[in-house]
Amino acid sequence: MIARPSEDLPAAFARLGGEEDGRVWSELWDDLCHQGSVYEDSFPALPYLAAIATGRAPGAPLDAVLMSGLIVSAADDERSARYADEITALLPVARALLDAATDDAPAFVYLLQCVLAFEGERVWSAGRLEGLFEQEYELDCPACTTALFIAFGDHGFFASDGDYVTADPARAPLLPADPSTLAPLPARLHGTAARAGHEAIARGLTHLFGRAVCPSCATAFPVADEVVRTP
């Protein structure tokens with residue numbers, strides 16, 4: 001996190017509640033969370049965002065929850081304690097929005113990350129689930145460091161050697177996890193997606209928390225471990 005010049009947050013959020021809310025939110029995202037970054041001056045926005053999310057101030061609750069989730073995912077213990085009341089208020093709103101996100105896979109994944117962030121999870125809340133709706137991850141083989149492209153979904157289910165210039169890159173099939181053997185958090189994520197009707201997301205989770213075989217050196221490795229290691 002890096003510091004940004006402080007803005008007049010009361011004035012910025014006071015602009016919400018009119019016909020130009022879309023533009024105002026765009027400016028708020030650009031100022032407070034530009035391209036997904038979280039700054040020192042992002043955290044003081046949490047009281048304003050919590051007020052919007054809970055209906056105590058004008059604005060879109062979904063935007064408020066999504067921005068808050070991103071900010072909280074970067075919180076350390078001190079900031080989590082400082083904004084504990086806001087985080088507590090945001091969690092049930094995020095859960096309700098998640099329950100309603102049955103037709104929008106990206107929104108479902110973003111909200112799932114928000115719920116995890118508000119619950120205090122700091123690994124999978126920090127953007128690492130977004131490959132589920134993109135249906136791909138890019139990472140390196142832990143044994144030979146070959147750049148790998150992990151695909152699941154419309155493009156197939158495979159690990160390729162990452163050579164996007166070659167017409168026929170080396171590929172190896174993925175080894176998805178059995179949902180009944182998933183650890184508690186992955187099992188919870190899988191069950192949440194399945195119950196919401198997001199079959200592609202649920203299937204993607206079995207591959208994310210399954211294994212891949214490097215087509216270059218034949219090493220089998222847990223996909224999730226390398227996703228976490230990837231900057």
# chains A, B, ... in the order shown; residues from 1 in each chain; ligands from 1
call {"tool": "closest_atom_pairs", "arguments": {"of": "range 64-145 of chain A", "to": "range 182-196 of chain A", "cutoff": "8 Å", "atoms": "only C-alpha atoms", "output": "JSON lines"}}
result
{"residue": "A:Asp99", "atom": "CA", "partner": "A:Ala196", "partner_atom": "CA", "distance": 7.1}
{"residue": "A:Ala101", "atom": "CA", "partner": "A:Ala196", "partner_atom": "CA", "distance": 7.8}
{"residue": "A:Thr102", "atom": "CA", "partner": "A:Ala196", "partner_atom": "CA", "distance": 5.6}
call {"tool": "write_last_selection", "arguments": {"atoms": "C-alpha atoms", "output": "PDB file, in the first residue's frame"}}
result
ATOM      1  CA  ASP A  99     -27.337 -14.879  -2.104  1.00  0.00           C
ATOM      2  CA  ALA A 101     -26.131 -13.010  -7.308  1.00  0.00           C
ATOM      3  CA  THR A 102     -27.454 -16.130  -9.020  1.00  0.00           C
TER       4      THR A 102
END
call {"tool": "residues_around", "arguments": {"residues": "range 83-85 of chain A", "least_positions_apart": "3", "cutoff": "9 Å", "atoms": "only C-alpha atoms", "output": "PDB file with all heavy atoms, in the first residue's frame"}}
result
ATOM      1  N   PHE A  43      -8.683   3.544   3.501  1.00  0.00           N
ATOM      2  CA  PHE A  43      -9.371   3.034   4.691  1.00  0.00           C
ATOM      3  C   PHE A  43     -10.339   4.028   5.325  1.00  0.00           C
ATOM      4  O   PHE A  43     -11.416   3.625   5.790  1.00  0.00           O
ATOM      5  CB  PHE A  43      -8.343   2.531   5.708  1.00  0.00           C
ATOM      6  CG  PHE A  43      -7.637   1.295   5.249  1.00  0.00           C
ATOM      7  CD1 PHE A  43      -6.427   1.391   4.568  1.00  0.00           C
ATOM      8  CD2 PHE A  43      -8.178   0.040   5.466  1.00  0.00           C
ATOM      9  CE1 PHE A  43      -5.782   0.252   4.120  1.00  0.00           C
ATOM     10  CE2 PHE A  43      -7.542  -1.110   5.017  1.00  0.00           C
ATOM     11  CZ  PHE A  43      -6.339  -0.998   4.334  1.00  0.00           C
ATOM     12  N   PRO A  44     -10.041   5.334   5.377  1.00  0.00           N
ATOM     13  CA  PRO A  44     -11.021   6.261   5.956  1.00  0.00           C
ATOM     14  C   PRO A  44     -12.345   6.324   5.196  1.00  0.00           C
ATOM     15  O   PRO A  44     -13.311   6.898   5.703  1.00  0.00           O
ATOM     16  CB  PRO A  44     -10.289   7.611   5.911  1.00  0.00           C
ATOM     17  CG  PRO A  44      -8.850   7.257   5.960  1.00  0.00           C
ATOM     18  CD  PRO A  44      -8.741   6.004   5.141  1.00  0.00           C
ATOM     19  N   LEU A  46     -14.142   3.733   4.631  1.00  0.00           N
ATOM     20  CA  LEU A  46     -14.992   2.633   5.092  1.00  0.00           C
ATOM     21  C   LEU A  46     -16.237   3.090   5.854  1.00  0.00           C
ATOM     22  O   LEU A  46     -17.322   2.532   5.643  1.00  0.00           O
ATOM     23  CB  LEU A  46     -14.173   1.647   5.929  1.00  0.00           C
ATOM     24  CG  LEU A  46     -13.217   0.754   5.128  1.00  0.00           C
ATOM     25  CD1 LEU A  46     -12.326  -0.057   6.070  1.00  0.00           C
ATOM     26  CD2 LEU A  46     -14.005  -0.173   4.208  1.00  0.00           C
ATOM     27  N   PRO A  47     -16.173   4.095   6.747  1.00  0.00           N
ATOM     28  CA  PRO A  47     -17.417   4.527   7.400  1.00  0.00           C
ATOM     29  C   PRO A  47     -18.462   5.040   6.407  1.00  0.00           C
ATOM     30  O   PRO A  47     -19.665   4.785   6.579  1.00  0.00           O
ATOM     31  CB  PRO A  47     -16.950   5.636   8.344  1.00  0.00           C
ATOM     32  CG  PRO A  47     -15.513   5.292   8.627  1.00  0.00           C
ATOM     33  CD  PRO A  47     -14.989   4.742   7.339  1.00  0.00           C
ATOM     34  N   GLU A  78      -4.292  -3.993  12.818  1.00  0.00           N
ATOM     35  CA  GLU A  78      -4.612  -2.688  13.410  1.00  0.00           C
ATOM     36  C   GLU A  78      -5.791  -2.042  12.705  1.00  0.00           C
ATOM     37  O   GLU A  78      -6.706  -1.515  13.348  1.00  0.00           O
ATOM     38  CB  GLU A  78      -3.383  -1.784  13.346  1.00  0.00           C
ATOM     39  CG  GLU A  78      -3.539  -0.461  14.089  1.00  0.00           C
ATOM     40  CD  GLU A  78      -4.202   0.615  13.247  1.00  0.00           C
ATOM     41  OE1 GLU A  78      -4.038   0.567  12.008  1.00  0.00           O
ATOM     42  OE2 GLU A  78      -4.896   1.488  13.813  1.00  0.00           O
ATOM     43  N   ARG A  79      -5.810  -2.064  11.379  1.00  0.00           N
ATOM     44  CA  ARG A  79      -6.915  -1.463  10.634  1.00  0.00           C
ATOM     45  C   ARG A  79      -8.197  -2.277  10.794  1.00  0.00           C
ATOM     46  O   ARG A  79      -9.286  -1.718  10.843  1.00  0.00           O
ATOM     47  CB  ARG A  79      -6.536  -1.323   9.168  1.00  0.00           C
ATOM     48  CG  ARG A  79      -5.440  -0.289   8.922  1.00  0.00           C
ATOM     49  CD  ARG A  79      -5.196  -0.106   7.443  1.00  0.00           C
ATOM     50  NE  ARG A  79      -4.148   0.878   7.197  1.00  0.00           N
ATOM     51  CZ  ARG A  79      -2.862   0.602   7.151  1.00  0.00           C
ATOM     52  NH1 ARG A  79      -2.451  -0.657   7.340  1.00  0.00           N
ATOM     53  NH2 ARG A  79      -1.964   1.541   6.923  1.00  0.00           N
ATOM     54  N   SER A  80      -8.067  -3.595  10.847  1.00  0.00           N
ATOM     55  CA  SER A  80      -9.255  -4.425  11.070  1.00  0.00           C
ATOM     56  C   SER A  80      -9.917  -4.083  12.392  1.00  0.00           C
ATOM     57  O   SER A  80     -11.148  -4.036  12.492  1.00  0.00           O
ATOM     58  CB  SER A  80      -8.876  -5.906  11.029  1.00  0.00           C
ATOM     59  OG  SER A  80      -8.405  -6.274   9.754  1.00  0.00           O
ATOM     60  N   THR A  88     -18.260  -5.255  10.610  1.00  0.00           N
ATOM     61  CA  THR A  88     -19.376  -6.034  11.143  1.00  0.00           C
ATOM     62  C   THR A  88     -20.687  -5.661  10.444  1.00  0.00           C
ATOM     63  O   THR A  88     -21.515  -6.538  10.146  1.00  0.00           O
ATOM     64  CB  THR A  88     -19.510  -5.802  12.657  1.00  0.00           C
ATOM     65  OG1 THR A  88     -18.313  -6.263  13.298  1.00  0.00           O
ATOM     66  CG2 THR A  88     -20.707  -6.542  13.227  1.00  0.00           C
ATOM     67  N   ALA A  89     -20.877  -4.390  10.154  1.00  0.00           N
ATOM     68  CA  ALA A  89     -22.099  -3.943   9.479  1.00  0.00           C
ATOM     69  C   ALA A  89     -22.123  -4.374   8.017  1.00  0.00           C
ATOM     70  O   ALA A  89     -23.196  -4.649   7.454  1.00  0.00           O
ATOM     71  CB  ALA A  89     -22.217  -2.424   9.583  1.00  0.00           C
ATOM     72  N   LEU A  90     -20.966  -4.442   7.386  1.00  0.00           N
ATOM     73  CA  LEU A  90     -20.891  -4.773   5.967  1.00  0.00           C
ATOM     74  C   LEU A  90     -21.122  -6.252   5.699  1.00  0.00           C
ATOM     75  O   LEU A  90     -21.655  -6.628   4.633  1.00  0.00           O
ATOM     76  CB  LEU A  90     -19.522  -4.364   5.409  1.00  0.00           C
ATOM     77  CG  LEU A  90     -19.311  -2.873   5.186  1.00  0.00           C
ATOM     78  CD1 LEU A  90     -17.817  -2.539   5.165  1.00  0.00           C
ATOM     79  CD2 LEU A  90     -19.972  -2.433   3.884  1.00  0.00           C
TER      80      LEU A  90
END
call {"tool": "closest_atom_pairs", "arguments": {"of": "range 34-82 of chain A", "to": "range 116-139 of chain A", "cutoff": "8 Å", "atoms": "only C-alpha atoms", "output": "CSV"}}
result
residue,atom,partner,partner_atom,distance
A:Gly69,CA,A:Ala117,CA,5.9
A:Leu70,CA,A:Ala126,CA,7.1
A:Val72,CA,A:Ala117,CA,5.9
A:Ser73,CA,A:Ala117,CA,4.9
A:Ala74,CA,A:Ala126,CA,7.2
call {"tool": "write_last_selection", "arguments": {"atoms": "N, CA, C and O atoms", "output": "short mmCIF file (atom, residue, chain, number, x, y, z; two decimals), in the first residue's frame"}}
result
data_model
loop_
_atom_site.label_atom_id
_atom_site.label_comp_id
_atom_site.auth_asym_id
_atom_site.auth_seq_id
_atom_site.Cartn_x
_atom_site.Cartn_y
_atom_site.Cartn_z
N GLY A 69 -14.99 -4.36 0.27
CA GLY A 69 -14.35 -5.68 0.30
C GLY A 69 -12.91 -5.63 -0.17
O GLY A 69 -12.03 -6.26 0.42
N LEU A 70 -12.68 -4.88 -1.24
CA LEU A 70 -11.32 -4.74 -1.73
C LEU A 70 -10.43 -4.07 -0.70
O LEU A 70 -9.30 -4.51 -0.44
N VAL A 72 -10.87 -3.85 2.62
CA VAL A 72 -10.70 -4.68 3.82
C VAL A 72 -9.78 -5.87 3.55
O VAL A 72 -9.07 -6.33 4.45
N SER A 73 -9.76 -6.36 2.31
CA SER A 73 -8.88 -7.49 1.99
C SER A 73 -7.42 -7.14 2.20
O SER A 73 -6.58 -8.05 2.35
N ALA A 74 -7.09 -5.86 2.20
CA ALA A 74 -5.71 -5.41 2.39
C ALA A 74 -5.45 -4.91 3.81
O ALA A 74 -4.37 -4.38 4.10
#
call {"tool": "closest_residue", "arguments": {"among": "A:Ala143, A:Ala220, A:Ile71, A:Ala53", "to": "Cys114 in chain A", "atoms": "only C-alpha atoms"}}
result
A:Ile71
call {"tool": "select_by_dssp", "arguments": {"residues": "range 104-172 of chain A", "states": "helix (DSSP H, G or I)", "output": "PyMOL selection string"}}
result
chain A and resi 105-119+131-134
call {"tool": "write_last_selection", "arguments": {"atoms": "all heavy atoms", "output": "CSV table (one decimal), in the first residue's frame"}}
result
chain,number,residue,atom,x,y,z
A,105,ALA,N,-21.9,-14.4,-12.8
A,105,ALA,CA,-20.8,-15.1,-12.2
A,105,ALA,C,-19.7,-14.2,-11.7
A,105,ALA,O,-19.2,-14.4,-10.6
A,105,ALA,CB,-20.2,-16.1,-13.2
A,106,PRO,N,-19.3,-13.1,-12.5
A,106,PRO,CA,-18.3,-12.2,-11.9
A,106,PRO,C,-18.7,-11.6,-10.6
A,106,PRO,O,-18.0,-11.5,-9.7
A,106,PRO,CB,-18.1,-11.2,-13.0
A,106,PRO,CG,-18.4,-12.0,-14.3
A,106,PRO,CD,-19.6,-12.8,-13.9
A,107,ALA,N,-20.0,-11.1,-10.6
A,107,ALA,CA,-20.5,-10.4,-9.4
A,107,ALA,C,-20.5,-11.4,-8.2
A,107,ALA,O,-20.1,-11.1,-7.1
A,107,ALA,CB,-21.9,-9.9,-9.6
A,108,PHE,N,-20.8,-12.7,-8.5
A,108,PHE,CA,-20.8,-13.7,-7.4
A,108,PHE,C,-19.4,-13.9,-6.9
A,108,PHE,O,-19.3,-13.9,-5.7
A,108,PHE,CB,-21.4,-15.0,-8.0
A,108,PHE,CG,-21.4,-16.2,-7.1
A,108,PHE,CD1,-22.4,-16.3,-6.2
A,108,PHE,CD2,-20.3,-17.1,-7.0
A,108,PHE,CE1,-22.4,-17.4,-5.2
A,108,PHE,CE2,-20.3,-18.1,-6.1
A,108,PHE,CZ,-21.3,-18.3,-5.2
A,109,VAL,N,-18.4,-14.0,-7.7
A,109,VAL,CA,-17.1,-14.2,-7.3
A,109,VAL,C,-16.6,-13.0,-6.5
A,109,VAL,O,-15.9,-13.1,-5.4
A,109,VAL,CB,-16.1,-14.5,-8.5
A,109,VAL,CG1,-14.7,-14.6,-8.0
A,109,VAL,CG2,-16.5,-15.9,-9.1
A,110,TYR,N,-16.8,-11.8,-7.0
A,110,TYR,CA,-16.4,-10.6,-6.3
A,110,TYR,C,-17.0,-10.5,-4.9
A,110,TYR,O,-16.4,-10.2,-3.9
A,110,TYR,CB,-16.8,-9.3,-7.1
A,110,TYR,CG,-15.9,-9.1,-8.3
A,110,TYR,CD1,-16.5,-8.8,-9.6
A,110,TYR,CD2,-14.5,-9.0,-8.2
A,110,TYR,CE1,-15.7,-8.6,-10.7
A,110,TYR,CE2,-13.7,-8.8,-9.3
A,110,TYR,CZ,-14.3,-8.5,-10.6
A,110,TYR,OH,-13.5,-8.3,-11.7
A,111,LEU,N,-18.3,-10.8,-4.9
A,111,LEU,CA,-19.0,-10.8,-3.6
A,111,LEU,C,-18.5,-11.9,-2.6
A,111,LEU,O,-18.4,-11.7,-1.4
A,111,LEU,CB,-20.5,-10.9,-3.8
A,111,LEU,CG,-21.1,-9.6,-4.3
A,111,LEU,CD1,-22.6,-9.9,-4.9
A,111,LEU,CD2,-21.2,-8.5,-3.3
A,112,LEU,N,-18.2,-13.0,-3.2
A,112,LEU,CA,-17.6,-14.1,-2.4
A,112,LEU,C,-16.3,-13.7,-1.7
A,112,LEU,O,-16.1,-13.9,-0.5
A,112,LEU,CB,-17.4,-15.3,-3.3
A,112,LEU,CG,-17.2,-16.7,-2.6
A,112,LEU,CD1,-18.3,-17.1,-1.6
A,112,LEU,CD2,-17.0,-17.8,-3.6
A,113,GLN,N,-15.5,-13.0,-2.5
A,113,GLN,CA,-14.3,-12.4,-2.0
A,113,GLN,C,-14.6,-11.4,-0.9
A,113,GLN,O,-13.8,-11.3,0.1
A,113,GLN,CB,-13.4,-11.8,-3.1
A,113,GLN,CG,-12.9,-12.8,-4.0
A,113,GLN,CD,-12.0,-12.2,-5.1
A,113,GLN,OE1,-11.1,-12.9,-5.6
A,113,GLN,NE2,-12.3,-11.0,-5.5
A,114,CYS,N,-15.6,-10.6,-1.1
A,114,CYS,CA,-16.0,-9.6,-0.1
A,114,CYS,C,-16.4,-10.2,1.2
A,114,CYS,O,-15.9,-9.8,2.3
A,114,CYS,CB,-17.1,-8.7,-0.6
A,114,CYS,SG,-16.7,-7.6,-1.9
A,115,VAL,N,-17.2,-11.3,1.2
A,115,VAL,CA,-17.6,-12.0,2.4
A,115,VAL,C,-16.4,-12.5,3.1
A,115,VAL,O,-16.3,-12.4,4.3
A,115,VAL,CB,-18.6,-13.1,2.0
A,115,VAL,CG1,-18.8,-14.0,3.2
A,115,VAL,CG2,-19.9,-12.5,1.5
A,116,LEU,N,-15.5,-13.1,2.4
A,116,LEU,CA,-14.2,-13.6,3.0
A,116,LEU,C,-13.4,-12.5,3.6
A,116,LEU,O,-12.9,-12.7,4.8
A,116,LEU,CB,-13.4,-14.4,1.9
A,116,LEU,CG,-14.0,-15.6,1.4
A,116,LEU,CD1,-13.0,-16.2,0.3
A,116,LEU,CD2,-14.2,-16.7,2.4
A,117,ALA,N,-13.3,-11.4,2.9
A,117,ALA,CA,-12.6,-10.3,3.5
A,117,ALA,C,-13.2,-9.8,4.8
A,117,ALA,O,-12.5,-9.5,5.8
A,117,ALA,CB,-12.5,-9.1,2.5
A,118,PHE,N,-14.5,-9.6,4.8
A,118,PHE,CA,-15.2,-9.1,6.0
A,118,PHE,C,-15.1,-10.2,7.2
A,118,PHE,O,-15.2,-9.8,8.4
A,118,PHE,CB,-16.7,-8.8,5.7
A,118,PHE,CG,-16.8,-7.7,4.7
A,118,PHE,CD1,-17.9,-7.7,3.8
A,118,PHE,CD2,-15.9,-6.7,4.6
A,118,PHE,CE1,-18.1,-6.7,2.9
A,118,PHE,CE2,-16.0,-5.7,3.6
A,118,PHE,CZ,-17.1,-5.7,2.8
A,119,GLU,N,-15.0,-11.4,6.8
A,119,GLU,CA,-14.8,-12.5,7.8
A,119,GLU,C,-13.4,-12.6,8.3
A,119,GLU,O,-13.1,-13.3,9.3
A,119,GLU,CB,-15.2,-13.8,7.3
A,119,GLU,CG,-16.7,-13.9,7.0
A,119,GLU,CD,-17.1,-15.3,6.4
A,119,GLU,OE1,-16.2,-16.0,5.8
A,119,GLU,OE2,-18.3,-15.6,6.4
A,131,GLY,N,-9.8,-15.7,-11.2
A,131,GLY,CA,-9.6,-16.6,-12.3
A,131,GLY,C,-10.7,-17.6,-12.5
A,131,GLY,O,-10.8,-18.2,-13.6
A,132,LEU,N,-11.6,-17.7,-11.6
A,132,LEU,CA,-12.7,-18.7,-11.7
A,132,LEU,C,-13.7,-18.2,-12.8
A,132,LEU,O,-14.2,-19.1,-13.5
A,132,LEU,CB,-13.5,-18.8,-10.3
A,132,LEU,CG,-12.7,-19.5,-9.2
A,132,LEU,CD1,-13.4,-19.4,-7.9
A,132,LEU,CD2,-12.4,-21.0,-9.6
A,133,PHE,N,-14.0,-16.9,-12.9
A,133,PHE,CA,-14.9,-16.5,-14.0
A,133,PHE,C,-14.1,-16.2,-15.2
A,133,PHE,O,-14.7,-16.3,-16.3
A,133,PHE,CB,-15.8,-15.4,-13.5
A,133,PHE,CG,-15.1,-14.1,-13.2
A,133,PHE,CD1,-14.6,-13.2,-14.2
A,133,PHE,CD2,-15.0,-13.7,-11.9
A,133,PHE,CE1,-14.0,-12.1,-13.8
A,133,PHE,CE2,-14.4,-12.5,-11.5
A,133,PHE,CZ,-13.9,-11.7,-12.5
A,134,GLU,N,-12.8,-16.0,-15.1
A,134,GLU,CA,-12.0,-15.8,-16.3
A,134,GLU,C,-11.6,-17.2,-16.9
A,134,GLU,O,-11.2,-17.3,-18.0
A,134,GLU,CB,-10.7,-15.0,-16.0
A,134,GLU,CG,-11.0,-13.6,-15.5
A,134,GLU,CD,-9.8,-12.9,-14.9
A,134,GLU,OE1,-8.8,-13.6,-14.7
A,134,GLU,OE2,-9.9,-11.7,-14.7
call {"tool": "decode", "arguments": {"residues": "range 111-137 of chain A", "atoms": "N, CA, C and O atoms", "output": "PDB file, in the first residue's frame"}}
result
ATOM      1  N   LEU A 111     -18.308 -10.832  -4.855  1.00  0.00           N
ATOM      2  CA  LEU A 111     -18.998 -10.783  -3.559  1.00  0.00           C
ATOM      3  C   LEU A 111     -18.517 -11.885  -2.627  1.00  0.00           C
ATOM      4  O   LEU A 111     -18.439 -11.682  -1.413  1.00  0.00           O
ATOM      5  N   LEU A 112     -18.197 -13.041  -3.189  1.00  0.00           N
ATOM      6  CA  LEU A 112     -17.640 -14.118  -2.372  1.00  0.00           C
ATOM      7  C   LEU A 112     -16.333 -13.664  -1.734  1.00  0.00           C
ATOM      8  O   LEU A 112     -16.078 -13.911  -0.547  1.00  0.00           O
ATOM      9  N   GLN A 113     -15.511 -12.956  -2.503  1.00  0.00           N
ATOM     10  CA  GLN A 113     -14.272 -12.415  -1.952  1.00  0.00           C
ATOM     11  C   GLN A 113     -14.557 -11.378  -0.869  1.00  0.00           C
ATOM     12  O   GLN A 113     -13.845 -11.307   0.143  1.00  0.00           O
ATOM     13  N   CYS A 114     -15.603 -10.566  -1.073  1.00  0.00           N
ATOM     14  CA  CYS A 114     -15.968  -9.564  -0.061  1.00  0.00           C
ATOM     15  C   CYS A 114     -16.364 -10.227   1.243  1.00  0.00           C
ATOM     16  O   CYS A 114     -15.938  -9.797   2.329  1.00  0.00           O
ATOM     17  N   VAL A 115     -17.188 -11.265   1.156  1.00  0.00           N
ATOM     18  CA  VAL A 115     -17.601 -11.978   2.366  1.00  0.00           C
ATOM     19  C   VAL A 115     -16.381 -12.513   3.100  1.00  0.00           C
ATOM     20  O   VAL A 115     -16.253 -12.373   4.323  1.00  0.00           O
ATOM     21  N   LEU A 116     -15.463 -13.121   2.364  1.00  0.00           N
ATOM     22  CA  LEU A 116     -14.249 -13.641   2.988  1.00  0.00           C
ATOM     23  C   LEU A 116     -13.441 -12.519   3.642  1.00  0.00           C
ATOM     24  O   LEU A 116     -12.915 -12.682   4.755  1.00  0.00           O
ATOM     25  N   ALA A 117     -13.339 -11.375   2.949  1.00  0.00           N
ATOM     26  CA  ALA A 117     -12.584 -10.254   3.520  1.00  0.00           C
ATOM     27  C   ALA A 117     -13.203  -9.778   4.822  1.00  0.00           C
ATOM     28  O   ALA A 117     -12.497  -9.545   5.815  1.00  0.00           O
ATOM     29  N   PHE A 118     -14.525  -9.628   4.841  1.00  0.00           N
ATOM     30  CA  PHE A 118     -15.197  -9.143   6.050  1.00  0.00           C
ATOM     31  C   PHE A 118     -15.131 -10.171   7.181  1.00  0.00           C
ATOM     32  O   PHE A 118     -15.226  -9.814   8.350  1.00  0.00           O
ATOM     33  N   GLU A 119     -14.958 -11.442   6.817  1.00  0.00           N
ATOM     34  CA  GLU A 119     -14.806 -12.487   7.833  1.00  0.00           C
ATOM     35  C   GLU A 119     -13.368 -12.579   8.346  1.00  0.00           C
ATOM     36  O   GLU A 119     -13.099 -13.331   9.286  1.00  0.00           O
ATOM     37  N   GLY A 120     -12.464 -11.845   7.724  1.00  0.00           N
ATOM     38  CA  GLY A 120     -11.089 -11.831   8.187  1.00  0.00           C
ATOM     39  C   GLY A 120     -10.142 -12.725   7.418  1.00  0.00           C
ATOM     40  O   GLY A 120      -8.959 -12.836   7.785  1.00  0.00           O
ATOM     41  N   GLU A 121     -10.593 -13.333   6.326  1.00  0.00           N
ATOM     42  CA  GLU A 121      -9.729 -14.178   5.500  1.00  0.00           C
ATOM     43  C   GLU A 121      -8.893 -13.267   4.603  1.00  0.00           C
ATOM     44  O   GLU A 121      -9.417 -12.332   4.016  1.00  0.00           O
ATOM     45  N   ARG A 122      -7.590 -13.514   4.496  1.00  0.00           N
ATOM     46  CA  ARG A 122      -6.719 -12.575   3.794  1.00  0.00           C
ATOM     47  C   ARG A 122      -5.980 -13.194   2.604  1.00  0.00           C
ATOM     48  O   ARG A 122      -5.141 -12.535   2.013  1.00  0.00           O
ATOM     49  N   VAL A 123      -6.272 -14.437   2.254  1.00  0.00           N
ATOM     50  CA  VAL A 123      -5.604 -15.067   1.114  1.00  0.00           C
ATOM     51  C   VAL A 123      -6.522 -15.071  -0.095  1.00  0.00           C
ATOM     52  O   VAL A 123      -6.251 -14.448  -1.119  1.00  0.00           O
ATOM     53  N   TRP A 124      -7.662 -15.740   0.021  1.00  0.00           N
ATOM     54  CA  TRP A 124      -8.570 -15.884  -1.124  1.00  0.00           C
ATOM     55  C   TRP A 124      -9.506 -14.707  -1.285  1.00  0.00           C
ATOM     56  O   TRP A 124     -10.201 -14.584  -2.285  1.00  0.00           O
ATOM     57  N   SER A 125      -9.500 -13.783  -0.326  1.00  0.00           N
ATOM     58  CA  SER A 125     -10.294 -12.556  -0.482  1.00  0.00           C
ATOM     59  C   SER A 125      -9.578 -11.528  -1.336  1.00  0.00           C
ATOM     60  O   SER A 125     -10.182 -10.543  -1.772  1.00  0.00           O
ATOM     61  N   ALA A 126      -8.294 -11.741  -1.605  1.00  0.00           N
ATOM     62  CA  ALA A 126      -7.460 -10.708  -2.223  1.00  0.00           C
ATOM     63  C   ALA A 126      -7.322 -10.889  -3.731  1.00  0.00           C
ATOM     64  O   ALA A 126      -6.229 -10.794  -4.276  1.00  0.00           O
ATOM     65  N   GLY A 127      -8.429 -11.158  -4.409  1.00  0.00           N
ATOM     66  CA  GLY A 127      -8.422 -11.196  -5.867  1.00  0.00           C
ATOM     67  C   GLY A 127      -8.062 -12.530  -6.487  1.00  0.00           C
ATOM     68  O   GLY A 127      -8.147 -12.683  -7.713  1.00  0.00           O
ATOM     69  N   ARG A 128      -7.680 -13.519  -5.689  1.00  0.00           N
ATOM     70  CA  ARG A 128      -7.202 -14.776  -6.259  1.00  0.00           C
ATOM     71  C   ARG A 128      -8.310 -15.688  -6.763  1.00  0.00           C
ATOM     72  O   ARG A 128      -8.022 -16.687  -7.429  1.00  0.00           O
ATOM     73  N   LEU A 129      -9.556 -15.380  -6.463  1.00  0.00           N
ATOM     74  CA  LEU A 129     -10.671 -16.189  -6.981  1.00  0.00           C
ATOM     75  C   LEU A 129     -11.147 -15.716  -8.350  1.00  0.00           C
ATOM     76  O   LEU A 129     -11.967 -16.382  -8.981  1.00  0.00           O
ATOM     77  N   GLU A 130     -10.639 -14.577  -8.810  1.00  0.00           N
ATOM     78  CA  GLU A 130     -11.181 -13.998 -10.042  1.00  0.00           C
ATOM     79  C   GLU A 130     -10.862 -14.816 -11.287  1.00  0.00           C
ATOM     80  O   GLU A 130     -11.546 -14.706 -12.302  1.00  0.00           O
ATOM     81  N   GLY A 131      -9.844 -15.672 -11.215  1.00  0.00           N
ATOM     82  CA  GLY A 131      -9.586 -16.587 -12.314  1.00  0.00           C
ATOM     83  C   GLY A 131     -10.718 -17.578 -12.528  1.00  0.00           C
ATOM     84  O   GLY A 131     -10.809 -18.200 -13.588  1.00  0.00           O
ATOM     85  N   LEU A 132     -11.614 -17.713 -11.552  1.00  0.00           N
ATOM     86  CA  LEU A 132     -12.717 -18.662 -11.684  1.00  0.00           C
ATOM     87  C   LEU A 132     -13.697 -18.238 -12.771  1.00  0.00           C
ATOM     88  O   LEU A 132     -14.202 -19.083 -13.515  1.00  0.00           O
ATOM     89  N   PHE A 133     -13.999 -16.946 -12.882  1.00  0.00           N
ATOM     90  CA  PHE A 133     -14.902 -16.545 -13.961  1.00  0.00           C
ATOM     91  C   PHE A 133     -14.131 -16.232 -15.240  1.00  0.00           C
ATOM     92  O   PHE A 133     -14.710 -16.254 -16.327  1.00  0.00           O
ATOM     93  N   GLU A 134     -12.840 -15.973 -15.113  1.00  0.00           N
ATOM     94  CA  GLU A 134     -12.019 -15.815 -16.305  1.00  0.00           C
ATOM     95  C   GLU A 134     -11.649 -17.171 -16.906  1.00  0.00           C
ATOM     96  O   GLU A 134     -11.198 -17.266 -18.046  1.00  0.00           O
ATOM     97  N   GLN A 135     -11.826 -18.225 -16.094  1.00  0.00           N
ATOM     98  CA  GLN A 135     -11.572 -19.614 -16.484  1.00  0.00           C
ATOM     99  C   GLN A 135     -10.110 -19.859 -16.843  1.00  0.00           C
ATOM    100  O   GLN A 135      -9.803 -20.698 -17.699  1.00  0.00           O
ATOM    101  N   GLU A 136      -9.218 -19.174 -16.158  1.00  0.00           N
ATOM    102  CA  GLU A 136      -7.804 -19.398 -16.423  1.00  0.00           C
ATOM    103  C   GLU A 136      -6.949 -18.784 -15.324  1.00  0.00           C
ATOM    104  O   GLU A 136      -7.351 -17.828 -14.655  1.00  0.00           O
ATOM    105  N   TYR A 137      -5.778 -19.383 -15.136  1.00  0.00           N
ATOM    106  CA  TYR A 137      -4.748 -18.841 -14.259  1.00  0.00           C
ATOM    107  C   TYR A 137      -3.411 -18.967 -14.981  1.00  0.00           C
ATOM    108  O   TYR A 137      -3.190 -19.919 -15.733  1.00  0.00           O
TER     109      TYR A 137
END
